[in-house]
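File shown: coords-v4.tsv. Contents: TSV, C-alpha atoms and all ligand atoms.
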chain	number	residue	atom	x	y	z
A	5	MET	CA	174.21	-143.49	64.73
A	6	ALA	CA	177.16	-141.61	63.29
A	7	ARG	CA	177.71	-139.93	66.66
A	8	LEU	CA	177.55	-143.19	68.56
A	9	TYR	CA	180.05	-144.71	66.18
A	10	GLY	CA	182.41	-141.81	66.76
A	11	ARG	CA	182.23	-142.10	70.53
A	12	MET	CA	182.98	-145.79	70.37
A	13	ALA	CA	186.01	-145.08	68.21
A	14	LEU	CA	187.82	-143.56	71.21
A	15	GLU	CA	189.22	-146.96	72.19
A	16	GLU	CA	192.71	-146.16	70.93
A	17	TYR	CA	192.70	-142.83	72.77
A	18	LYS	CA	191.72	-144.56	76.02
A	19	ARG	CA	194.12	-147.45	75.58
A	20	LYS	CA	197.10	-145.07	75.35
A	21	ARG	CA	196.33	-143.16	78.55
A	22	ASP	CA	196.17	-143.83	82.27
A	23	PHE	CA	193.44	-141.51	83.55
A	24	LYS	CA	194.62	-141.99	87.11
A	25	LYS	CA	197.82	-140.22	86.10
A	26	THR	CA	196.81	-137.63	83.53
A	27	VAL	CA	194.19	-134.89	83.77
A	28	GLU	CA	193.34	-135.16	80.08
A	29	PRO	CA	189.59	-135.84	79.64
A	30	ALA	CA	188.58	-139.49	79.67
A	31	GLY	CA	185.70	-138.90	77.26
A	32	GLY	CA	182.15	-140.10	77.66
A	33	LYS	CA	180.56	-136.84	78.80
A	34	PRO	CA	177.31	-135.93	77.01
A	35	LEU	CA	177.93	-133.89	73.89
A	36	PRO	CA	177.28	-130.15	74.12
A	37	ALA	CA	174.40	-128.69	72.16
A	38	LYS	CA	175.55	-127.96	68.64
A	39	ILE	CA	174.99	-124.80	66.66
A	40	LYS	CA	173.54	-125.83	63.35
A	41	GLY	CA	175.95	-125.59	60.44
A	42	ALA	CA	179.00	-124.82	62.58
A	43	SER	CA	181.52	-127.34	63.83
A	44	ARG	CA	184.40	-126.61	66.15
A	45	PHE	CA	188.11	-126.88	65.55
A	46	VAL	CA	191.02	-126.49	67.93
A	47	ILE	CA	194.77	-126.30	67.47
A	48	GLN	CA	196.81	-127.24	70.52
A	49	LYS	CA	200.48	-126.42	70.80
A	50	HIS	CA	202.12	-129.40	72.43
A	51	ALA	CA	205.66	-129.40	73.78
A	52	ALA	CA	206.14	-133.16	74.08
A	53	ARG	CA	209.36	-134.93	73.12
A	54	ARG	CA	209.15	-132.71	70.06
A	55	LEU	CA	207.21	-129.50	69.75
A	56	HIS	CA	204.24	-129.89	67.41
A	57	TYR	CA	200.70	-128.65	66.87
A	58	ASP	CA	197.64	-130.87	67.19
A	59	PHE	CA	194.99	-129.95	64.68
A	60	ARG	CA	191.53	-131.24	65.62
A	61	LEU	CA	188.19	-131.07	63.82
A	62	GLU	CA	184.89	-131.90	65.48
A	63	MET	CA	183.25	-134.59	63.40
A	64	GLU	CA	180.95	-137.54	64.18
A	65	GLY	CA	180.97	-136.74	67.89
A	66	VAL	CA	184.75	-136.86	68.29
A	67	LEU	CA	187.74	-134.70	67.41
A	68	LYS	CA	189.44	-136.02	64.28
A	69	SER	CA	193.11	-135.27	64.89
A	70	TRP	CA	196.37	-134.64	63.06
A	71	ALA	CA	199.83	-133.81	64.42
A	72	LEU	CA	201.50	-130.96	62.52
A	73	PRO	CA	205.25	-130.87	63.24
A	74	LYS	CA	205.51	-127.38	61.71
A	75	GLY	CA	202.05	-126.01	62.40
A	76	LEU	CA	199.98	-124.33	59.70
A	77	PRO	CA	201.49	-123.02	56.47
A	78	TRP	CA	200.69	-119.35	55.82
A	79	LYS	CA	201.85	-118.71	52.28
A	80	ARG	CA	199.70	-119.83	49.36
A	81	GLY	CA	201.02	-123.08	47.88
A	82	GLU	CA	203.05	-124.01	50.96
A	83	LYS	CA	202.43	-127.46	52.39
A	84	HIS	CA	203.22	-128.99	55.75
A	85	LEU	CA	203.08	-132.58	56.89
A	86	ALA	CA	200.01	-133.63	58.90
A	87	VAL	CA	200.09	-137.06	60.54
A	88	GLU	CA	196.66	-138.47	61.33
A	89	VAL	CA	196.44	-139.65	64.94
A	90	GLU	CA	193.72	-141.25	67.07
A	91	ASP	CA	190.35	-139.57	67.58
A	92	HIS	CA	190.11	-137.51	70.76
A	93	PRO	CA	186.98	-136.85	72.86
A	94	ILE	CA	185.12	-133.59	72.23
A	95	GLU	CA	186.02	-132.35	75.73
A	96	TYR	CA	189.66	-132.31	74.68
A	97	GLU	CA	188.97	-129.02	72.93
A	98	ASP	CA	189.34	-127.27	76.29
A	99	PHE	CA	192.37	-129.12	77.54
A	100	GLU	CA	195.31	-126.94	78.47
A	101	GLY	CA	197.88	-127.91	81.06
A	102	ILE	CA	200.45	-130.55	81.71
A	103	ILE	CA	200.48	-134.21	80.81
A	104	PRO	CA	202.77	-135.81	83.40
A	105	GLU	CA	206.15	-137.04	82.26
A	106	GLY	CA	206.15	-140.73	81.49
A	107	GLN	CA	202.52	-140.59	80.35
A	108	TYR	CA	201.53	-140.72	76.68
A	109	GLY	CA	202.34	-137.32	75.14
A	110	GLY	CA	203.92	-136.07	78.38
A	111	GLY	CA	204.56	-132.31	78.22
A	112	THR	CA	202.83	-128.92	78.10
A	113	VAL	CA	199.65	-128.31	76.10
A	114	MET	CA	198.33	-124.88	75.09
A	115	VAL	CA	194.98	-124.07	73.45
A	116	TRP	CA	196.70	-122.25	70.62
A	117	ASP	CA	193.65	-121.47	68.51
A	118	ARG	CA	190.01	-122.46	68.21
A	119	GLY	CA	186.81	-121.49	66.50
A	120	ASN	CA	184.37	-122.77	63.90
A	121	TYR	CA	185.17	-124.44	60.61
A	122	ARG	CA	183.32	-125.31	57.44
A	123	VAL	CA	184.10	-127.78	54.71
A	124	TYR	CA	183.42	-127.03	51.07
A	125	GLY	CA	181.02	-129.58	49.62
A	126	GLU	CA	179.12	-129.81	52.91
A	127	GLN	CA	179.91	-133.47	53.45
A	128	PRO	CA	182.85	-133.46	55.85
A	129	VAL	CA	182.68	-137.17	56.71
A	130	LYS	CA	182.61	-138.23	53.06
A	131	SER	CA	185.44	-135.81	52.22
A	132	LEU	CA	187.48	-137.20	55.11
A	133	LYS	CA	187.04	-140.76	53.86
A	134	GLU	CA	188.01	-139.69	50.36
A	135	GLY	CA	191.11	-138.01	51.73
A	136	LYS	CA	190.51	-134.40	50.77
A	137	LEU	CA	189.11	-131.71	53.05
A	138	HIS	CA	188.82	-128.19	51.76
A	139	LEU	CA	188.49	-126.18	54.96
A	140	VAL	CA	187.60	-122.66	55.96
A	141	LEU	CA	188.78	-121.90	59.48
A	142	ASP	CA	187.29	-119.12	61.53
A	143	GLY	CA	189.55	-119.06	64.54
A	144	GLU	CA	191.15	-116.26	66.49
A	145	LYS	CA	194.48	-116.73	64.71
A	146	ALA	CA	193.72	-118.87	61.67
A	147	LYS	CA	191.10	-117.20	59.50
A	148	ASP	CA	191.20	-118.43	55.96
A	149	GLU	CA	191.19	-121.52	53.83
A	150	TRP	CA	193.44	-124.55	53.98
A	151	THR	CA	193.24	-128.01	52.38
A	152	LEU	CA	194.05	-131.35	53.95
A	153	VAL	CA	195.04	-134.03	51.44
A	154	ARG	CA	195.87	-137.64	52.24
A	155	ILE	CA	199.05	-138.93	50.63
A	156	ARG	CA	200.57	-142.37	50.52
A	157	GLY	CA	203.37	-142.63	53.02
A	158	ARG	CA	206.26	-145.04	53.02
A	159	GLU	CA	205.12	-148.67	52.98
A	160	GLY	CA	201.62	-147.52	52.08
A	161	GLU	CA	200.93	-145.84	55.45
A	162	LYS	CA	197.48	-144.34	55.38
A	163	ASN	CA	197.93	-141.76	58.12
A	164	GLN	CA	200.06	-139.32	56.14
A	165	TRP	CA	198.41	-136.12	55.02
A	166	LEU	CA	199.54	-132.71	53.85
A	167	ILE	CA	197.98	-129.46	54.92
A	168	LEU	CA	198.20	-126.88	52.16
A	169	LYS	CA	197.60	-123.17	52.23
A	170	THR	CA	195.03	-122.67	49.51
A	171	GLY	CA	193.20	-119.54	48.45
A	172	THR	CA	195.34	-116.52	49.24
A	173	ASP	CA	198.40	-115.86	51.39
A	174	ALA	CA	197.65	-115.41	55.06
A	175	LYS	CA	199.74	-113.11	57.21
A	176	PRO	CA	201.91	-115.16	59.55
A	177	ILE	CA	201.09	-114.38	63.15
A	178	SER	CA	203.38	-112.33	65.37
A	179	LYS	CA	205.91	-113.87	67.74
A	180	LYS	CA	203.81	-112.75	70.67
A	181	LEU	CA	200.63	-114.39	69.37
A	182	GLU	CA	202.59	-117.51	68.53
A	183	ASP	CA	203.17	-118.02	72.25
A	184	HIS	CA	199.71	-116.93	73.43
A	185	SER	CA	196.90	-119.20	74.62
A	186	VAL	CA	193.49	-118.22	73.26
A	187	LYS	CA	191.97	-119.86	76.33
A	188	THR	CA	193.95	-118.21	79.12
A	189	GLY	CA	196.35	-115.75	77.49
A	190	ARG	CA	199.30	-117.64	78.98
A	191	THR	CA	202.62	-118.50	77.36
A	192	MET	CA	203.92	-122.08	77.21
A	193	ARG	CA	206.25	-121.24	80.04
A	194	GLN	CA	203.48	-119.88	82.23
A	195	ILE	CA	201.40	-123.00	81.60
A	196	ALA	CA	204.36	-125.22	82.45
A	197	GLU	CA	205.05	-123.29	85.63
A	198	ALA	CA	201.47	-123.08	86.84
A	199	ARG	CA	200.87	-126.82	86.82
A	200	ASP	CA	197.24	-126.01	87.56
A	201	ALA	CA	195.77	-128.81	85.52
A	202	GLU	CA	198.09	-131.47	86.76
A	203	TRP	CA	196.55	-134.19	88.81
A	204	GLU	CA	198.86	-134.20	91.79
A	205	SER	CA	197.21	-137.10	93.63
A	206	GLY	CA	197.81	-139.49	90.76
A	207	ARG	CA	201.52	-138.89	90.66
A	208	GLU	CA	204.09	-140.94	92.47
A	209	ALA	CA	205.38	-139.21	95.54
A	210	ASP	CA	208.40	-137.11	94.69
A	211	ALA	CA	210.66	-137.05	97.70
A	212	SER	CA	213.60	-135.14	96.24
A	213	PRO	CA	215.08	-132.41	98.48
A	214	THR	CA	213.88	-129.73	96.05
A	215	SER	CA	210.28	-130.93	96.09
A	216	LYS	CA	210.31	-131.27	99.89
A	217	PHE	CA	211.58	-127.70	100.09
A	218	LYS	CA	208.86	-126.49	97.70
A	219	ALA	CA	206.21	-128.33	99.70
A	220	ARG	CA	207.41	-126.62	102.87
A	221	ILE	CA	207.10	-123.22	101.22
A	222	ARG	CA	203.58	-124.08	100.03
A	223	ASP	CA	202.59	-125.10	103.54
A	224	ALA	CA	204.04	-121.90	104.97
A	225	ILE	CA	202.08	-119.80	102.48
A	226	LYS	CA	198.88	-121.68	103.31
A	227	LYS	CA	199.38	-121.11	107.04
A	228	LYS	CA	200.07	-117.43	106.47
A	229	LYS	CA	196.83	-117.06	104.53
A	230	ILE	CA	194.88	-118.71	107.33
A	231	MET	CA	196.53	-116.44	109.89
A	232	ARG	CA	195.52	-113.39	107.90
A	233	LEU	CA	191.91	-114.50	107.99
B	301	MN	MN	200.25	-133.97	70.52

Can I see the file as C-alpha cells?
Ligand code: MN
Amino acid sequence: MARLYGRMALEEYKRKRDFKKTVEPAGGKPLPAKIKGASRFVIQKHAARRLHYDFRLEMEGVLKSWALPKGLPWKRGEKHLAVEVEDHPIEYEDFEGIIPEGQYGGGTVMVWDRGNYRVYGEQPVKSLKEGKLHLVLDGEKAKDEWTLVRIRGREGEKNQWLILKTGTDAKPISKKLEDHSVKTGRTMRQIAEARDAEWESGREADASPTSKFKARIRDAIKKKKIMRL
C-alpha cells in the first residue's frame, strides 16, 4: 500500500513536465527488485537557471527530493539549506543528460553521486514525517553521516530543511571529482556537448544558420561512414 501511495504521489512531477519534449523518465515502470535493508540515494548536479544539487532518497516507491543550492556540507556542524521539492520516479536515479530549454528545470543534469543509504531508527517514513532524518550515506563520493532537519520557513513554509554534517568532518572532494559523473565519468561540459539524452524529435525545428550548418556536417559524416562500409 505504501508503495502504491508513493507512485500515485507523482502527480506534481508529471504536471510540471511535458514528456513529449523532455527525455526525463515519465514514471510508471515496474519497480526494480529491492535488496533487503538497503535503499538507494542519488545526488544529481543540475545546471539549471542556478546551479544546484538534487538530493534524492528512495522511499515508498518514489524518490523523495530536496534541492541543495550549495550541495553537501563537509565539515562537522556546517549546515546547508535543503528545499523539499516534488517526489520523482525511481527511474530518475539514472537520469543524466539535458532537459531542453524552456522545459521545467531546463539545463544539464549529471549523476553526481549514488549508492545506498540507511536511516538511524529504522523508520525512514516516520522520521521523514517528523522532520528529522539521521542518514548514513554510502556513495562513491559521500560516505558518512548527515542529518536532514525540517525548519519553519518564512510564512510557515513547510518545505524548508537544513542538511547538517553530523558525526565527524568529511574530507571535501577534489575539484576533479566535483565535476565527475559517477555514471559516465563525464564533466558537466561533456554532458552538455554530447546531447545524447536529448529527445531531438520532440523539439521545435531549429532553422538557424548555425544549426543548418551543423546538420549538414552530421549528414556528411553519416554518408562518409556508409561509404567506408
Ligand atoms: Mn534540480

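The shortest atom-to-atom distance to Trp116 of chain A, with only C-alpha atoms taken into account, belongs to A:Phe59 out of A:Tyr96, A:Trp150, A:Phe59, A:Trp78.
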
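A search radius of 7 Å centred on (192.0, -121.9, 70.6), applied to only C-alpha atoms, returns the residues A:Val46, A:Ile47, A:Val115, A:Trp116, A:Asp117, A:Arg118, A:Gly119, A:Ser185, A:Val186, A:Lys187.
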
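The gap separating atom CA of Thr151 of chain A from atom CA of Val113 of chain A is 24.6 Å, in Å to one decimal.
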
Can you check which parts of chain A lie within 8 Å of ligand MN 301 (chain B)? Per residue, the shortest pair of atoms and distance in Å to one decimal, counting all atoms listed in the file, sorted by chain and number, as a tab-separated table.
residue	atom	partner	partner_atom	distance
A:Gln48	CA	B:MN301	MN	7.6
A:Lys49	CA	B:MN301	MN	7.6
A:His50	CA	B:MN301	MN	5.3
A:Ala51	CA	B:MN301	MN	7.8
A:Ala52	CA	B:MN301	MN	6.9
A:His56	CA	B:MN301	MN	6.5
A:Tyr57	CA	B:MN301	MN	6.5
A:Asp58	CA	B:MN301	MN	5.2
A:Ala71	CA	B:MN301	MN	6.1
A:Gly109	CA	B:MN301	MN	6.1
A:Val113	CA	B:MN301	MN	8.0

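Nearest to Gly110 of chain A of all the residues A:Thr170, A:Ser69, A:Thr26, A:Gln194 is A:Thr26, based on all atoms listed in the file.
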
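Candidate residues A:Thr112, A:Gln107, A:Ser43, A:Gln127 were compared for distance to Met192 of chain A, and the nearest is A:Thr112, using only C-alpha atoms.
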